[in-house]
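Participant: Here's a structure for you.
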Amino acid sequence: MQAAVDGEMRLLDPEVRASPARVLELLDPDFTEIGASGRRWDVESILTVTSGGSVSPESRVKVSEMSGVVLAPGVVHLTYFADNQGRRAWRNSLWRLTETGWRMYFHQATLTR
C-alpha cells in the first residue's frame, strides 16, 4: 500500500506533473480519470495539460485523511482529501502493480466545500 501512497504523492508534486516522462512512469497505459469538473481524461489528455506549462511550482496540493485498502493482490484503492489553493475535493485512486511497477489505473475527484 505504501508504494501506491508514494506514487500518489509524486503525482501531486508540481515538479513531477510538469515532466511528461515522470508522469508516464506513474500512469497505467489504460489510465482514466473523471475530474472534479466532470471531464473524462486519459493519458494523452493529461500529458497535454501538464506539459503545456499549466503546472505552477506554487500549486502545492495539501493532502489530508489519506487512507488505503488492498482490494486484491496488486490492487490498492486510495482515498484522501485534497486542497489545491482553496479548491477542495475528495479524491480516490486505483493503483495496480504492473511489470514496470505501481501505476495509477483510475482516479476520480469530487469537489466539496
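Chain labels A, B, ... are given in the sequence in which chains occur in the C-alpha cells; within each chain residues are numbered consecutively from 1, and ligands are likewise numbered from 1 in the order shown.
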Skip stretch 6-23 of chain A itself and residues of its chain fewer than 5 positions away, then list as a PyMOL selection string all residues within 12 Å of it, counting only C-alpha atoms.
Facilitator: chain A and resi 1+28-29+31+43-64+66-68+76-80+82-84+91-97+101-107
Participant: Mind writing the picked residues with C-alpha atoms as a short mmCIF file (atom, residue, chain, number, x, y, z; two decimals), in the first residue's frame?
Facilitator:
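The resulting file, out_22.cif, is reproduced below:
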data_model
loop_
_atom_site.label_atom_id
_atom_site.label_comp_id
_atom_site.auth_asym_id
_atom_site.auth_seq_id
_atom_site.Cartn_x
_atom_site.Cartn_y
_atom_site.Cartn_z
CA MET A 1 0.00 0.00 0.00
CA ASP A 28 -1.06 2.97 -16.41
CA PRO A 29 -1.39 2.94 -20.23
CA PHE A 31 -5.48 5.16 -17.19
CA VAL A 43 -3.12 9.52 -20.53
CA GLU A 44 -2.83 11.68 -23.67
CA SER A 45 -5.13 14.42 -22.40
CA ILE A 46 -3.39 14.53 -19.01
CA LEU A 47 0.03 14.85 -20.68
CA THR A 48 -1.25 17.61 -22.97
CA VAL A 49 -2.40 19.67 -19.99
CA THR A 50 0.57 19.05 -17.70
CA SER A 51 3.21 19.53 -20.40
CA GLY A 52 1.59 22.75 -21.59
CA GLY A 53 3.16 24.80 -18.80
CA SER A 54 -0.05 24.90 -16.77
CA VAL A 55 1.52 23.41 -13.64
CA SER A 56 2.83 26.10 -11.33
CA PRO A 57 5.51 25.28 -8.71
CA GLU A 58 3.40 27.26 -6.24
CA SER A 59 0.38 24.99 -6.73
CA ARG A 60 1.23 22.54 -4.00
CA VAL A 61 -1.71 20.33 -3.05
CA LYS A 62 -2.36 19.87 0.66
CA VAL A 63 -3.36 16.29 1.39
CA SER A 64 -5.13 15.00 4.49
CA MET A 66 -5.14 9.61 3.29
CA SER A 67 -6.24 6.00 3.65
CA GLY A 68 -5.89 2.90 1.58
CA VAL A 76 -4.82 -0.70 -3.98
CA HIS A 77 -7.65 1.81 -3.53
CA LEU A 78 -6.63 5.17 -2.02
CA THR A 79 -8.94 7.90 -0.72
CA TYR A 80 -7.96 11.33 0.58
CA ALA A 82 -7.04 17.47 -1.28
CA ASP A 83 -6.91 21.26 -1.07
CA ASN A 84 -5.35 22.96 -4.08
CA ARG A 91 -10.19 12.06 -4.31
CA ASN A 92 -9.87 8.34 -4.89
CA SER A 93 -7.44 6.34 -6.97
CA LEU A 94 -6.94 2.76 -8.01
CA TRP A 95 -3.34 1.62 -8.30
CA ARG A 96 -2.21 -1.67 -9.76
CA LEU A 97 1.09 -3.44 -9.77
CA GLY A 101 5.94 -1.08 -11.01
CA TRP A 102 2.92 0.54 -9.41
CA ARG A 103 0.78 2.57 -11.81
CA MET A 104 -2.37 4.63 -11.31
CA TYR A 105 -5.17 2.96 -13.25
CA PHE A 106 -8.14 5.19 -12.29
CA HIS A 107 -8.68 8.49 -10.49
#
Participant: Using only C-alpha atoms, which of A:Trp41, A:Ala36, A:Pro73, A:Gln2 sits nearest A:Thr98?
Facilitator: A:Pro73
Participant: Would you give me, as an NGL selection string, the residues in stretch 1-88 of chain A that DSSP reads as helix (DSSP H, G or I)?
Facilitator: :A and (2-12 or 14-17 or 20-26 or 43-50)
Participant: Could you dump the residues just selected with C-alpha atoms as a CSV table (one decimal), in the first residue's frame?
Facilitator:
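The resulting file, out24.csv, is reproduced below:
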chain,number,residue,atom,x,y,z
A,2,GLN,CA,2.9,2.4,0.8
A,3,ALA,CA,4.1,2.2,-2.8
A,4,ALA,CA,0.7,3.4,-4.0
A,5,VAL,CA,0.7,6.3,-1.5
A,6,ASP,CA,4.2,7.3,-2.6
A,7,GLY,CA,3.1,7.3,-6.2
A,8,GLU,CA,0.1,9.3,-5.5
A,9,MET,CA,2.1,11.9,-3.6
A,10,ARG,CA,4.6,12.0,-6.5
A,11,LEU,CA,1.8,12.7,-9.0
A,12,LEU,CA,0.7,15.6,-6.8
A,14,PRO,CA,4.3,20.1,-9.3
A,15,GLU,CA,7.8,19.2,-10.5
A,16,VAL,CA,6.7,15.6,-11.4
A,17,ARG,CA,3.5,16.9,-13.0
A,20,PRO,CA,5.7,14.1,-19.1
A,21,ALA,CA,8.3,11.4,-18.7
A,22,ARG,CA,7.9,11.3,-14.9
A,23,VAL,CA,4.1,11.3,-15.2
A,24,LEU,CA,4.2,8.4,-17.7
A,25,GLU,CA,6.2,6.4,-15.2
A,26,LEU,CA,3.2,6.6,-12.8
A,43,VAL,CA,-3.1,9.5,-20.5
A,44,GLU,CA,-2.8,11.7,-23.7
A,45,SER,CA,-5.1,14.4,-22.4
A,46,ILE,CA,-3.4,14.5,-19.0
A,47,LEU,CA,0.0,14.9,-20.7
A,48,THR,CA,-1.3,17.6,-23.0
A,49,VAL,CA,-2.4,19.7,-20.0
A,50,THR,CA,0.6,19.0,-17.7
Participant: Suppose you want the space between atom CA of A:Arg113 and atom CA of A:Thr32; what is it in Å?
Facilitator: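 Going from atom CA of A:Arg113 over to atom CA of A:Thr32, I get 24.8 Å.
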Participant: As JSON, numbers by chain, please: all residues of chain A that backbone DSSP puts in strand (DSSP E).
Facilitator: {"A": [27, 28, 29, 30, 31, 32, 33, 34, 40, 41, 42, 62, 63, 64, 65, 66, 67, 68, 69, 70, 71, 72, 75, 76, 77, 78, 79, 80, 81, 82, 83, 84, 87, 88, 89, 90, 91, 92, 93, 94, 95, 96, 97, 98, 101, 102, 103, 104, 105, 106, 107, 108, 109, 110, 111]}
